[in-house]
Amino acid sequence: MSPTRIIELARIIVDSTQTVDEYFTARNIASPSFGIHGSSTIIIQPEVPEVAVAHAAVIDATKELHSLMLGPTALLMNNGLNDVLGLHAIYQYKIASTFPVDEEASFKQISAACGLNEPDLRRLLRHAMTNHIFREPRDGVVAHSASSRLLIENPLINDFVGILCEERFPAAARTIDALKKYGSPKDPAQTGFFLGHNTNKGLYDKLQQRQKRSRRFAGTISAFASKIPLEPLRSGFDWGSLRNATIVDVGGGHGPVSIGLAETFPDLKFIVQDLPDVVEGAPVGFPAEVEGRVSFMIYNFLEVQPIKGARVYFFRAVFHNWPDEYRIKILRNQIPALGHGTHLIINESCLNRTESLPAFMQKRRRYGPISQLSHSR
Ligand SMILES: C[S@@+](CC[C@H](N)C(=O)[O-])C[C@H]1O[C@@H](n2cnc3c(N)ncnc32)[C@H](O)[C@@H]1O
C-alpha cells in the first residue's frame, strides 16, 4: 500500500532536513534558533543547489503538513490575519528597544517605557510571541528573541516592518472593496491604497507629501534592491558594447542598479531619475570606482523624458504596481527622447508557471499582481 500524503510529507521533511543539517554542520553554521543569538537569516550558498532544493522542500512540506493537520475548517479560520496587529504595536511603540537585548523586563516596566497601557500591551505581546517575536520565559517576564533583537539592531528590517504595517496592510484591507467599487483599477485613485489610506492620492504621491514615510520607503526598497544579485542583468545585455554611453535609470530610487552596473562597466555613465523626495533623500557619496559616473536627477515619469538621445532608458521594478493605462503613458513619455539605436530596457520579475517554483517562492511573486490592485499609484 502506498503511504498516505501525511507520511510522504513527513519523510520529505526528515530526509531534506537531514541534508540541510549536514550542510550546516559541515560549514560550521549554527543550527537555526529563535534564541537571541540565533542567526537572522538562513543562507544556502548557490554552489550547492541540492541543499537549496532540500531547504525549499522542507519549507513547503512543513507548511503542507501543518495545513493538513489543521484541516480545512481551522485553516480557513486561523489564517494569521491578526498577526500584523502585534507586530504593528511593537513597531509603533518601539517596544523592542524598551529593554536591552540580554536583559528581561516585566509587562509593567515595558508599559511604562513605551506608553501603551499594560493590559493591551500584554495581549498584543503574548500574541506576537506565538510568532516567536519576544518570549515569556517565566510568567509575567519578557525576554527578547532573535526576531525582536533584529528590530533593534537592524534599522532596515525595522523600516520594512513599518512599511508592511503602515503602507501595505491598510491598502490590502481595502483592496477587494476597491475592486467591487471600481472594477480593475484604471487609475491610482481606484485602489485599496486609496481607500485604505483615506486619500485622493496614490502611493507615490502620498509619500511625496510625507517626507518621513517617503524616505523610509525609498531607503528600504533601495537597500533591499542592492542585495538582489545583479549577475543576470549584467550578463543579460551586452553593456560592454556601449562605449562611453549614458544610461538613464528611470525610477531608479537611490540607484542600487546603476551603482552596481557602473562598478562593472567603467566607461558607462548613469543618470538616476526619481521623484523629488527620493532624490533629495539619496545618500551622499559613492564607492570611489563609480564617483563622477553616477548622478541623480528629479524627473516625474508621468511627464515627457527631458534627457534626449541617451543610449539606454532603463526601467527596473517600475511597472509592476501601475495600471496598464499608466504603463503605456510612462513608455510614451520616453518616445520623444529616443534616437536611432536607443535601447529601452525593462527589467521586471515575471510570473512562473505554478509548478516550476516552490510554493513559498510563488507566494512572494504572486504578491506582485495583487499589490498592483492595492498599491497602484
Ligand atoms: C519599486 S521601486 C524600484 C526602484 C529601482 N528601480 C530599483 O530597482 O531598486 C519604484 C521606483 O519608482 C519611483 N517612482 C514612482 N513614481 C514615480 C514617478 N512618477 N516618477 C519617477 N519615479 C517614480 C519610486 O519612487 C521608486 O523609487
# chains A, B, ... in the order shown; residues from 1 in each chain; ligands from 1
>>> select_by_dssp(residues="segment 205-306 of chain A", states="helix (DSSP H, G or I)", output="ChimeraX atom specification")
/A:205-209,211-225,231-236,239-241,256-264,276-280,288-290
>>> closest_atom_pairs(of="chain A", to="ligand 1", cutoff="7 Å", atoms="only C-alpha atoms and all ligand atoms", output="CSV")
residue,atom,partner,partner_atom_place_in_ligand_line,distance
A:Tyr204,CA,ligand 1,16 (N),5.4
A:Ala218,CA,ligand 1,27 (O),5.8
A:Ile221,CA,ligand 1,9 (O),6.2
A:Ser222,CA,ligand 1,9 (O),4.9
A:Ala225,CA,ligand 1,9 (O),4.7
A:Ser226,CA,ligand 1,9 (O),6.9
A:Val250,CA,ligand 1,22 (N),6.6
A:Gly251,CA,ligand 1,22 (N),3.8
A:Gly252,CA,ligand 1,6 (N),3.7
A:Gly253,CA,ligand 1,27 (O),3.5
A:Gly255,CA,ligand 1,9 (O),6.6
A:Pro256,CA,ligand 1,9 (O),5.8
A:Val257,CA,ligand 1,8 (O),6.4
A:Gln273,CA,ligand 1,21 (C),6.4
A:Asp274,CA,ligand 1,22 (N),4.0
A:Leu275,CA,ligand 1,21 (C),4.8
A:Val278,CA,ligand 1,25 (O),6.0
A:Tyr299,CA,ligand 1,21 (C),5.6
A:Asn300,CA,ligand 1,20 (N),3.4
A:Phe301,CA,ligand 1,20 (N),4.0
A:Leu302,CA,ligand 1,19 (N),5.3
A:Phe315,CA,ligand 1,6 (N),6.1
A:Arg316,CA,ligand 1,6 (N),4.3
A:Ala317,CA,ligand 1,3 (C),4.7
A:Val318,CA,ligand 1,10 (C),4.6
>>> closest_residue(among="A:Leu68, A:Ala61, A:Leu233, A:Leu121", to="Thr264 of chain A", atoms="only C-alpha atoms")
A:Leu233
>>> residues_around(residues="Glu166 of chain A", least_positions_apart="4", cutoff="8 Å", atoms="only C-alpha atoms", output="VMD selection string")
chain A and resid 88 162 170
>>> write_last_selection(atoms="C-alpha atoms", output="compact mmCIF listing (two decimals), in the first residue's frame")
# COMPACT_ATOMS: atom_id res chain seq x y z
CA HIS A 88 2.38 46.90 14.41
CA GLY A 162 6.90 49.75 9.27
CA PRO A 170 -4.28 49.26 5.25
>>> residues_around(residues="Ile345 of chain A", least_positions_apart="4", cutoff="10 Å", atoms="only C-alpha atoms", output="count of residues only")
7
>>> residues_around(residues="segment 3-6 of chain A", least_positions_apart="2", cutoff="10 Å", atoms="only C-alpha atoms", output="PyMOL selection string")
chain A and resi 1+8-12+61+64-66+68-69
>>> write_last_selection(atoms="N, CA and C atoms", output="compact mmCIF listing (two decimals), in the first residue's frame")
# COMPACT_ATOMS: atom_id res chain seq x y z
N MET A 1 0.84 -1.19 0.00
CA MET A 1 0.00 0.00 0.00
C MET A 1 0.89 1.25 0.00
N GLU A 8 4.10 10.69 3.51
CA GLU A 8 5.01 11.10 2.43
C GLU A 8 5.68 12.44 2.80
N LEU A 9 4.87 13.39 3.30
CA LEU A 9 5.41 14.70 3.67
C LEU A 9 6.39 14.58 4.84
N ALA A 10 6.01 13.76 5.82
CA ALA A 10 6.89 13.59 6.98
C ALA A 10 8.25 13.05 6.53
N ARG A 11 8.25 12.15 5.55
CA ARG A 11 9.53 11.59 5.05
C ARG A 11 10.34 12.65 4.31
N ILE A 12 9.63 13.45 3.51
CA ILE A 12 10.34 14.54 2.81
C ILE A 12 11.01 15.44 3.85
N ALA A 61 7.00 21.43 2.51
CA ALA A 61 6.37 20.22 3.09
C ALA A 61 5.88 20.49 4.51
N GLU A 64 2.63 22.34 4.15
CA GLU A 64 1.51 21.49 3.70
C GLU A 64 1.06 20.55 4.81
N LEU A 65 2.05 19.98 5.52
CA LEU A 65 1.70 19.06 6.61
C LEU A 65 0.94 19.81 7.71
N HIS A 66 1.43 20.97 8.04
CA HIS A 66 0.78 21.81 9.06
C HIS A 66 -0.67 22.09 8.65
N LEU A 68 -2.55 20.38 6.51
CA LEU A 68 -3.35 19.15 6.51
C LEU A 68 -3.75 18.76 7.93
N MET A 69 -2.82 18.96 8.85
CA MET A 69 -3.10 18.59 10.24
C MET A 69 -4.13 19.52 10.87
>>> residues_around(residues="Glu291 of chain A", least_positions_apart="3", cutoff="10 Å", atoms="only C-alpha atoms", output="list in words")
Ile259, Ala262, Glu263, Gly285, Phe286, Pro287, Ala288, Val294 and Ser295 of chain A
>>> select_by_dssp(residues="segment 239-327 of chain A", states="strand (DSSP E)", output="list in words")
Thr246, Ile247, Val248, Asp249, Val250, Lys269, Phe270, Ile271, Val272, Gln273, Asp274, Val294, Ser295, Phe296, Met297, Ile298, Val312, Tyr313, Phe314, Phe315 and Arg316 of chain A
>>> closest_atom_pairs(of="segment 22-127 of chain A", to="segment 131-151 of chain A", cutoff="7 Å", atoms="only C-alpha atoms", output="tab-separated table")
residue	atom	partner	partner_atom	distance
A:Phe34	CA	A:Ala146	CA	4.9
A:Gly35	CA	A:Ser145	CA	5.2
A:Ile36	CA	A:Ala146	CA	4.3
A:His37	CA	A:Ala146	CA	6.4
A:Gly38	CA	A:Ala146	CA	5.6
A:Ser40	CA	A:Ala146	CA	6.7
A:Ala96	CA	A:Ser148	CA	5.7
A:Val101	CA	A:His144	CA	6.0
A:Glu103	CA	A:Ala143	CA	6.7
A:Glu104	CA	A:Ala143	CA	4.8
A:Ala105	CA	A:Val142	CA	5.3
A:Ser106	CA	A:Val141	CA	4.7
A:Phe107	CA	A:Gly140	CA	6.4
